[in-house]
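This is protein30.txt. It holds compact mmCIF, C-alpha atoms (C1' of nucleotides).
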```
# COMPACT_ATOMS: atom_id res chain seq x y z
CA MET A 1 135.56 133.42 189.24
CA SER A 2 134.27 136.67 190.69
CA GLU A 3 132.12 134.37 192.81
CA MET A 4 135.17 133.13 194.67
CA PRO A 5 136.48 134.87 197.80
CA ALA A 6 140.23 135.52 197.83
CA PRO A 7 142.01 132.21 198.53
CA VAL A 8 144.29 132.21 201.59
CA LEU A 9 146.88 129.98 199.92
CA GLU A 10 147.89 128.60 196.54
CA PRO A 11 146.27 125.18 195.99
CA GLU A 12 149.62 123.35 196.26
CA ALA A 13 150.46 124.96 199.59
CA PHE A 14 146.96 124.32 200.93
CA GLN A 15 147.10 120.65 199.93
CA GLN A 16 150.59 120.19 201.35
CA ARG A 17 149.62 121.60 204.76
CA LEU A 18 146.37 119.66 204.89
CA LEU A 19 147.87 116.31 203.88
CA ALA A 20 150.77 116.68 206.34
CA TRP A 21 148.19 117.21 209.08
CA PHE A 22 146.11 114.30 207.82
CA ASP A 23 149.03 111.86 207.79
CA GLN A 24 149.58 112.62 211.47
CA HIS A 25 146.08 113.21 212.80
CA GLY A 26 143.52 111.97 210.25
CA ARG A 27 141.22 108.96 210.58
CA HIS A 28 142.67 106.01 208.72
CA ASP A 29 140.73 103.02 210.02
CA LEU A 30 137.00 103.63 209.56
CA PRO A 31 135.03 100.54 208.43
CA TRP A 32 134.40 101.93 204.93
CA GLN A 33 138.09 102.72 204.49
CA ARG A 34 138.77 99.00 204.44
CA GLN A 35 137.83 97.38 201.08
CA ARG A 36 137.15 100.77 199.54
CA THR A 37 134.78 99.50 196.84
CA PRO A 38 132.31 101.85 195.13
CA TYR A 39 129.42 99.99 196.80
CA ARG A 40 130.80 100.28 200.32
CA VAL A 41 131.79 103.91 199.81
CA TRP A 42 128.34 104.64 198.44
CA VAL A 43 126.48 103.07 201.37
CA SER A 44 128.72 104.85 203.86
CA GLU A 45 128.26 108.22 202.17
CA ILE A 46 124.48 107.87 202.21
CA MET A 47 124.44 106.85 205.88
CA LEU A 48 126.76 109.72 206.74
CA GLN A 49 124.46 112.37 205.27
CA GLN A 50 123.49 114.58 208.22
CA THR A 51 124.62 111.80 210.56
CA GLN A 52 127.74 111.55 212.70
CA VAL A 53 130.42 108.90 212.19
CA ALA A 54 129.97 107.26 215.60
CA THR A 55 126.25 106.81 214.95
CA VAL A 56 126.79 105.32 211.50
CA ILE A 57 129.43 102.68 212.29
CA PRO A 58 127.18 99.98 213.84
CA TYR A 59 124.51 100.52 211.17
CA PHE A 60 127.13 100.23 208.44
CA GLU A 61 128.51 96.99 209.88
CA ARG A 62 125.05 95.40 210.17
CA PHE A 63 124.10 96.57 206.69
CA MET A 64 127.24 95.11 205.13
CA ALA A 65 126.84 91.83 206.98
CA ARG A 66 123.34 91.46 205.54
CA PHE A 67 124.01 92.99 202.10
CA PRO A 68 127.68 92.31 201.27
CA ALA A 69 127.23 93.27 197.61
CA LEU A 70 125.04 95.62 195.62
CA GLY A 71 123.11 92.70 194.18
CA ASP A 72 122.14 91.48 197.64
CA LEU A 73 120.66 94.88 198.39
CA ALA A 74 118.78 95.01 195.09
CA GLU A 75 117.21 91.60 195.68
CA ALA A 76 116.05 92.32 199.22
CA PRO A 77 112.53 93.47 200.06
CA GLN A 78 112.28 97.14 201.04
CA ASP A 79 110.94 96.16 204.46
CA GLU A 80 114.23 94.52 205.33
CA VAL A 81 116.26 97.50 204.17
CA LEU A 82 114.17 99.82 206.33
CA HIS A 83 114.47 97.37 209.20
CA LEU A 84 118.25 97.83 209.10
CA TRP A 85 117.73 101.59 208.78
CA THR A 86 115.46 101.75 211.87
CA GLY A 87 116.82 104.35 214.30
CA LEU A 88 119.14 105.99 211.77
CA GLY A 89 116.58 108.55 210.60
CA TYR A 90 115.95 110.21 207.24
CA TYR A 91 114.38 107.03 205.92
CA ALA A 92 114.14 108.39 202.38
CA ARG A 93 117.86 107.60 202.29
CA GLY A 94 117.13 103.93 202.82
CA ARG A 95 114.31 103.86 200.28
CA ASN A 96 116.43 105.70 197.72
CA LEU A 97 119.43 103.46 198.34
CA HIS A 98 117.30 100.40 197.71
CA ARG A 99 115.70 101.91 194.60
CA ALA A 100 119.08 103.02 193.27
CA ALA A 101 120.51 99.52 193.77
CA ARG A 102 117.76 98.09 191.59
CA GLU A 103 118.32 100.82 189.04
CA VAL A 104 122.03 100.01 188.92
CA MET A 105 121.24 96.32 188.34
CA MET A 106 118.86 97.14 185.49
CA GLU A 107 120.65 100.01 183.80
CA HIS A 108 124.33 99.77 184.72
CA ALA A 109 124.90 96.00 184.65
CA GLY A 110 125.20 95.90 188.44
CA GLU A 111 128.15 98.30 188.67
CA LEU A 112 127.89 101.80 190.14
CA PRO A 113 128.61 104.24 187.29
CA VAL A 114 131.67 105.76 188.97
CA ALA A 115 133.08 106.81 185.59
CA SER A 116 130.49 109.57 185.39
CA LEU A 117 129.64 112.15 188.03
CA ASP A 118 126.39 112.88 186.22
CA ALA A 119 125.34 109.25 186.01
CA LEU A 120 125.96 108.90 189.74
CA ALA A 121 124.05 112.06 190.57
CA ALA A 122 121.14 110.80 188.48
CA LEU A 123 120.62 107.99 190.98
CA PRO A 124 118.12 108.66 193.76
CA GLY A 125 119.76 109.89 196.97
CA ILE A 126 123.02 110.92 195.30
CA GLY A 127 123.49 114.67 194.91
CA ARG A 128 126.45 116.76 193.84
CA SER A 129 128.56 116.36 196.96
CA THR A 130 127.87 112.65 197.49
CA ALA A 131 128.63 111.93 193.83
CA GLY A 132 131.96 113.74 194.25
CA ALA A 133 132.75 111.80 197.42
CA ILE A 134 132.00 108.44 195.80
CA VAL A 135 134.18 109.18 192.77
CA ALA A 136 137.03 110.60 194.84
CA GLN A 137 137.03 107.91 197.51
CA SER A 138 136.46 104.86 195.34
CA THR A 139 138.46 105.75 192.21
CA GLY A 140 140.97 108.38 193.32
CA ARG A 141 140.02 110.53 190.34
CA ARG A 142 139.74 114.24 191.01
CA ALA A 143 136.26 115.13 192.27
CA VAL A 144 135.10 117.96 194.48
CA ILE A 145 133.05 117.58 197.65
CA LEU A 146 131.27 120.18 199.75
CA ASP A 147 129.80 118.67 202.90
CA GLY A 148 129.17 120.34 206.22
CA ASN A 149 132.77 119.94 207.35
CA VAL A 150 134.20 121.47 204.19
CA LYS A 151 131.66 124.29 204.28
CA ARG A 152 132.52 125.16 207.88
CA SER A 153 136.28 125.00 207.32
CA LEU A 154 136.26 127.07 204.15
CA ALA A 155 133.80 129.59 205.57
CA ARG A 156 136.11 130.14 208.56
CA LEU A 157 139.36 130.24 206.66
CA HIS A 158 138.00 132.92 204.34
CA ALA A 159 135.49 134.56 206.70
CA VAL A 160 132.69 133.94 204.22
CA GLU A 161 129.64 135.88 205.37
CA GLY A 162 126.11 134.48 205.28
CA TRP A 163 124.45 131.16 206.08
CA PRO A 164 125.94 128.40 203.86
CA GLY A 165 122.41 127.14 203.13
CA ARG A 166 121.87 130.23 201.01
CA PRO A 167 122.57 129.45 197.36
CA ALA A 168 124.78 132.52 196.86
CA VAL A 169 126.97 131.55 199.82
CA GLU A 170 127.04 127.93 198.75
CA ARG A 171 128.26 128.94 195.30
CA ARG A 172 131.23 130.77 196.82
CA LEU A 173 132.09 127.75 198.93
CA TRP A 174 131.88 125.42 195.93
CA ALA A 175 134.26 127.76 194.08
CA LEU A 176 136.76 127.57 196.95
CA ALA A 177 136.40 123.80 197.23
CA GLU A 178 137.02 123.53 193.49
CA HIS A 179 140.05 125.81 193.77
CA TYR A 180 141.84 123.75 196.41
CA THR A 181 141.04 120.21 195.25
CA PRO A 182 144.16 118.44 193.89
CA HIS A 183 144.61 115.87 191.13
CA ALA A 184 146.92 113.70 193.21
CA ARG A 185 146.22 111.95 196.51
CA VAL A 186 142.53 112.64 196.02
CA VAL A 187 141.36 109.84 198.34
CA ASP A 188 143.42 111.25 201.19
CA TYR A 189 142.58 114.86 200.39
CA THR A 190 138.81 114.40 200.53
CA GLN A 191 139.06 112.34 203.71
CA ALA A 192 141.44 114.96 205.12
CA MET A 193 139.00 117.81 204.50
CA MET A 194 136.23 115.94 206.31
CA ASP A 195 138.51 114.91 209.19
CA PHE A 196 139.82 118.43 209.50
CA GLY A 197 136.31 119.85 209.86
CA ALA A 198 135.07 117.06 212.11
CA THR A 199 137.98 116.82 214.54
CA LEU A 200 139.85 120.14 214.45
CA CYS A 201 137.83 122.94 212.84
CA ARG A 202 134.83 121.91 214.95
CA ARG A 203 131.61 123.93 215.16
CA GLY A 204 131.76 125.15 218.74
CA THR A 205 135.34 124.53 219.81
CA PRO A 206 137.85 124.85 216.98
CA ASP A 207 141.34 123.76 218.00
CA CYS A 208 143.20 126.70 216.48
CA GLY A 209 146.29 125.90 218.54
CA HIS A 210 146.93 122.82 216.41
CA CYS A 211 145.58 124.12 213.11
CA PRO A 212 147.94 124.03 210.11
CA PHE A 213 146.15 127.10 208.73
CA ALA A 214 146.09 129.24 211.88
CA ASP A 215 148.55 131.74 210.37
CA VAL A 216 146.41 132.38 207.28
CA CYS A 217 142.88 131.90 208.67
CA VAL A 218 140.92 135.14 208.28
CA ALA A 219 138.40 134.31 211.01
CA HIS A 220 141.23 133.45 213.43
CA ALA A 221 143.09 136.66 212.64
CA ARG A 222 139.96 138.56 213.59
CA GLY A 223 139.36 136.39 216.67
CA GLU A 224 135.98 135.52 215.21
CA GLU A 225 136.23 131.76 214.63
CA ARG A 226 132.88 131.22 216.30
CA ARG A 227 131.08 133.66 214.02
CA PHE A 228 131.70 131.49 210.96
CA PRO A 229 129.83 129.91 209.38
CA GLU A 230 126.77 132.00 210.11
CA ALA A 231 123.92 130.13 211.81
CA LYS A 232 120.75 129.13 210.06
CA PRO A 233 117.90 131.61 210.62
CA LYS A 234 115.76 130.15 213.38
CA LYS A 235 112.01 129.80 213.46
CA ALA A 236 109.51 128.64 216.06
CA LEU A 237 108.94 124.91 216.43
CA PRO A 238 105.26 124.05 215.81
CA THR A 239 103.58 121.37 217.92
CA ARG A 240 101.26 118.74 216.46
CA THR A 241 99.21 116.20 218.35
CA THR A 242 98.27 112.68 217.38
CA ARG A 243 96.82 109.49 218.80
CA MET A 244 98.40 106.10 218.29
CA LEU A 245 96.07 103.12 218.49
CA VAL A 246 97.57 100.19 220.39
CA LEU A 247 95.15 97.51 219.27
CA ARG A 248 96.00 94.09 220.70
CA ASP A 249 94.46 90.71 219.96
CA ALA A 250 94.01 87.78 222.35
CA GLU A 251 97.62 86.62 221.82
CA GLY A 252 99.06 90.02 222.68
CA ARG A 253 99.95 90.89 219.11
CA VAL A 254 99.72 94.52 218.08
CA LEU A 255 98.18 95.84 214.86
CA LEU A 256 100.61 97.78 212.69
CA GLU A 257 100.00 99.83 209.57
CA GLN A 258 102.47 100.63 206.85
CA ARG A 259 102.88 104.34 206.41
CA PRO A 260 102.61 106.05 203.02
CA ALA A 261 105.74 105.73 200.86
CA ARG A 262 106.55 109.43 201.16
CA GLY A 263 106.62 111.87 204.01
CA LEU A 264 107.35 111.33 207.69
CA TRP A 265 108.52 107.77 208.45
CA GLY A 266 107.66 106.92 204.84
CA GLY A 267 107.50 103.18 204.15
CA LEU A 268 107.93 102.30 207.82
CA TRP A 269 105.40 100.37 209.87
CA GLY A 270 103.75 102.09 212.77
CA LEU A 271 100.69 102.14 214.96
CA PRO A 272 97.50 103.40 213.30
CA GLN A 273 97.65 107.15 213.81
CA PHE A 274 94.83 109.65 214.15
CA ASP A 275 94.97 113.41 214.31
CA ASP A 276 91.75 113.66 216.32
CA PRO A 277 89.50 111.39 218.46
CA GLU A 278 86.74 111.63 215.85
CA THR A 279 88.74 109.93 213.13
CA LEU A 280 89.85 107.26 215.58
CA ARG A 281 86.24 106.50 216.54
CA THR A 282 85.16 106.26 212.91
CA TRP A 283 88.09 103.95 212.10
CA LEU A 284 87.16 101.62 214.93
CA GLU A 285 83.52 101.50 213.81
CA VAL A 286 84.59 100.44 210.34
CA HIS A 287 87.45 98.06 211.11
CA ALA A 288 86.92 96.78 214.64
CA PRO A 289 83.39 97.44 215.93
CA ALA A 290 83.92 94.80 218.64
CA ALA A 291 87.04 96.48 220.01
CA GLU A 292 87.05 97.56 223.63
CA LEU A 293 88.75 100.87 224.34
CA ASP A 294 90.81 101.28 227.49
CA PRO A 295 91.51 104.67 229.03
CA ALA A 296 94.23 106.48 227.08
CA TRP A 297 97.78 106.23 228.40
CA PRO A 298 99.78 109.30 229.37
CA ALA A 299 100.91 111.38 226.41
CA PHE A 300 104.58 111.68 225.55
CA HIS A 301 106.38 113.79 223.00
CA HIS A 302 108.94 113.38 220.25
CA THR A 303 110.93 116.29 218.89
CA PHE A 304 111.85 116.48 215.21
CA SER A 305 114.01 118.98 213.34
CA HIS A 306 110.97 120.95 212.22
CA PHE A 307 108.17 120.20 214.66
CA ARG A 308 107.27 118.63 217.98
CA LEU A 309 104.85 115.73 218.10
CA GLU A 310 102.68 114.99 221.13
CA ILE A 311 101.53 111.40 221.13
CA THR A 312 98.65 109.92 223.12
CA PRO A 313 98.64 106.10 223.07
CA GLN A 314 95.12 104.71 222.88
CA PRO A 315 95.09 101.06 224.02
CA ALA A 316 92.30 98.74 222.92
CA ARG A 317 91.52 95.01 222.75
CA VAL A 318 89.93 93.00 219.98
CA ASP A 319 89.66 89.33 219.06
CA GLY A 320 90.82 89.91 215.52
CA LEU A 321 90.06 91.69 212.28
CA ASP A 322 88.23 90.06 209.38
CA SER A 323 90.70 91.33 206.84
CA ILE A 324 93.83 93.35 207.51
CA GLY A 325 95.01 93.74 203.90
CA GLU A 326 98.48 94.33 202.50
CA THR A 327 99.30 97.43 204.49
CA ARG A 328 98.55 95.99 207.92
CA CYS A 329 100.08 93.23 209.97
CA TRP A 330 99.99 91.78 213.47
CA TYR A 331 103.23 92.49 215.27
CA ASP A 332 104.23 89.79 217.72
CA PRO A 333 106.68 91.26 220.27
CA ALA A 334 107.95 87.75 221.03
CA ASN A 335 108.76 87.14 217.36
CA PRO A 336 109.04 90.54 215.67
CA PRO A 337 109.06 90.67 211.85
CA ARG A 338 111.98 92.39 210.16
CA LEU A 339 110.48 95.67 209.12
CA GLY A 340 111.20 99.35 209.66
CA LEU A 341 109.81 101.00 212.79
CA ALA A 342 109.89 104.65 213.78
CA ALA A 343 111.80 105.33 216.99
CA PRO A 344 108.83 106.29 219.21
CA VAL A 345 106.83 103.31 217.94
CA LYS A 346 109.71 100.98 218.61
CA ALA A 347 109.99 102.33 222.14
CA LEU A 348 106.25 101.98 222.71
CA LEU A 349 106.25 98.39 221.43
CA ALA A 350 109.24 97.56 223.60
CA SER A 351 107.32 98.74 226.66
CA LEU A 352 104.59 96.27 225.70
CA ALA A 353 106.86 93.23 225.74
CA PRO A 354 106.23 92.35 229.43
CA PHE A 355 102.49 92.34 228.78
CA ALA A 356 102.92 89.96 225.85
CA LEU A 357 105.03 87.66 227.99
CA ALA A 358 102.49 87.67 230.81
CA ALA A 359 99.66 87.01 228.36
CA SER A 360 101.40 84.03 226.77
CA GLU A 361 102.29 82.60 230.17
CA GLY A 362 98.70 82.90 231.30
CA ALA A 363 97.42 81.14 228.18
C1' DC B 1 113.85 128.86 196.80
C1' DA B 2 112.17 127.27 201.15
C1' DC B 3 110.91 123.57 203.28
C1' DA B 4 110.50 118.56 204.65
C1' DC B 5 112.94 114.95 206.22
C1' DG B 6 115.03 111.75 212.07
C1' DT B 7 117.83 110.87 215.45
C1' DG B 8 121.29 111.45 218.88
C1' DG B 9 125.47 114.01 220.31
C1' DA B 10 127.37 118.36 222.05
C1' DT B 11 127.13 122.50 224.72
C1' DT C 1 116.82 121.36 230.07
C1' DA C 2 116.71 123.61 225.68
C1' DT C 3 118.82 124.45 221.54
C1' DC C 4 121.60 123.63 217.81
C1' DC C 5 122.82 120.90 214.22
C1' DA C 6 125.70 116.77 211.77
C1' DA C 7 129.70 113.33 205.75
C1' DG C 8 122.57 116.60 202.04
C1' DT C 9 118.88 115.46 198.82
C1' DG C 10 114.32 115.83 196.84
C1' DT C 11 110.46 118.52 195.84
```
Reformat the file's structure so that it appears as structure tokens.
Amino acid sequence: MSEMPAPVLEPEAFQQRLLAWFDQHGRHDLPWQRQRTPYRVWVSEIMLQQTQVATVIPYFERFMARFPALGDLAEAPQDEVLHLWTGLGYYARGRNLHRAAREVMMEHAGELPVASLDALAALPGIGRSTAGAIVAQSTGRRAVILDGNVKRSLARLHAVEGWPGRPAVERRLWALAEHYTPHARVVDYTQAMMDFGATLCRRGTPDCGHCPFADVCVAHARGEERRFPEAKPKKALPTRTTRMLVLRDAEGRVLLEQRPARGLWGGLWGLPQFDDPETLRTWLEVHAPAAELDPAWPAFHHTFSHFRLEITPQPARVDGLDSIGETRCWYDPANPPRLGLAAPVKALLASLAPFALAASEGA
DNA sequence: CACACGTGGAT
DNA sequence: TATCCAAGTGT
């Protein structure tokens, strides 16, 4: 209890103000709010992790069209799941979702264990906040969430000092979230908290003029809305360089390699990648001694959250490979297989399509 | 606990 | 254009 900052309102008053605002201004027609089944709520919550609503909607619709039920997802090959995840980012979410679906089939008779917060959180990809959201949204039972929107709103209302990523700060915010969460209208309350943060108590431009808490908000009283929550400590962005081999056969197909299951673009298919020219040369000697190297194409870069990658495409031609194994395949731009591709690779392959067309026309 | 993990929108 | 960072989790 001593962990919790002084609340600005009694829980009942807080809930009443928030829900009145939500009834008027909340979002009531998002795709996952129709047919609010545990499965649909789960998929939406995973896609929405660190990802904005507008970005998620088309991915969610495609995913549901292909995998209408949990069993459909469990039966699918991982490649197809990652194919539908391509462009959404944080691909561990897709791998974990797929793995969790199979786990639910085997250990929970095909039903998400929404009766137990702990059982949910034991599934890969579901943490404390997502477990709370799934329970609250799909069953209406009381469960607490603490996502970015809730963190920002509560930090402002109570002028909570410190970056919310710090465990001590996060504990205070959990205590506040716990304090305000009602037993009734839980579905609406959790949605309301997220809508409030996303559309009114926004990061850069909070709309205090229409805020139902403006009269009690500590940050607003101090005129310091923008100071809360405190920003993450920044650090320099390192740059890494790599070469991507664009090895094409006589039919214009491109050799792809499946990336390791963990790490960057884990489980996705990409161009063979080499940190230095030496490794590239050795690889070619072993796998494609007959390959003819063309001059490298201009480098381009891709910026990630934690580093910047400079990519030099290295085009080459070869008649074929004797054996490409399980973790390689020939990618035909005219008839692309349904597998996951990293964004820069997808863009690079798309730029190759005219070549493939010209090659097939010439043949 | 600090860091890795992606992409696109907002300012 | 550069920077920040969004419905977090896993290691």
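When the distance limit is 9 Å and only C-alpha atoms (C1' of nucleotides) are what count, the residues near A:Gly94, minus those fewer than 5 positions from it on the same chain, are Ile46, Met47, Gln78, Val81, Leu82, Leu84, Trp85, Arg99 and Gly125 of chain A.
Of the residues under consideration (A:Ala121, A:Leu30, A:Ala54, A:Ile126), A:Ile126 shows the shortest atom-to-atom contact distance to chain C when counting only C-alpha atoms (C1' of nucleotides).
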*Pull out every residue of chain B that has at least one atom within 7 Å of chain A, counting only C-alpha atoms (C1' of nucleotides), and report them as a ChimeraX atom specification.*
/B:5-7
Keeping C-alpha atoms (C1' of nucleotides) for every residue in the selection just given, could you write it to a file as a PDB file, keeping the file's coordinate frame?
```
ATOM      1  C1'  DC B   5     112.940 114.950 206.220  1.00  0.00           C
ATOM      2  C1'  DG B   6     115.030 111.750 212.070  1.00  0.00           C
ATOM      3  C1'  DT B   7     117.830 110.870 215.450  1.00  0.00           C
TER       4       DT B   7
END
```
*Take the point (128.7, 112.2, 187.2) as written in the file and pick out every residue within 10 Å of it, counting all atoms listed in the file; give the list as JSON, numbers by chain.*
{"A": [113, 114, 115, 116, 117, 118, 119, 120, 121, 122, 123, 126, 127, 128, 131, 132, 134, 135, 143]}
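Excluding A:Ala350 and any residue on its chain fewer than 6 positions from it, the residues at most 12 Å away by all atoms listed in the file are A:Val254, A:Tyr331, A:Asp332, A:Pro333, A:Ala334, A:Pro336, A:Leu341, A:Ala343, A:Pro344, A:Ala356, A:Leu357.
The coordinates place atom CA of A:His83 at 28.5 Å from atom CA of A:Ala296.
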*Residues at most 9 Å from A:Thr37, counting only C-alpha atoms (C1' of nucleotides), excluding those fewer than 6 positions away in the same chain, as a ChimeraX atom specification?*
/A:137-139
*Within 12 Å of (122.7, 121.1, 218.5), in the coordinates the file gives, what residues turn up when you count all atoms listed in the file, written out as a list in words?*
Arg203, Gly204, Ala231, Lys232 and Ser305 of chain A; DT7, DG8, DG9, DA10 and DT11 of chain B; DA2, DT3, DC4, DC5 and DA6 of chain C
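Using only C-alpha atoms (C1' of nucleotides), the shortest contact distance between chain C and any of A:Asp322, A:Glu80, A:Asp147, A:Glu10 is found at A:Asp147.
The part of chain C that reaches within 6 Å of chain A is made up of DA6, DA7, DG8 and DT9 of chain C, counting only C-alpha atoms (C1' of nucleotides).
Coordinates place atom CA of A:Pro11 at a distance of 20.2 Å from atom CA of A:Leu200.
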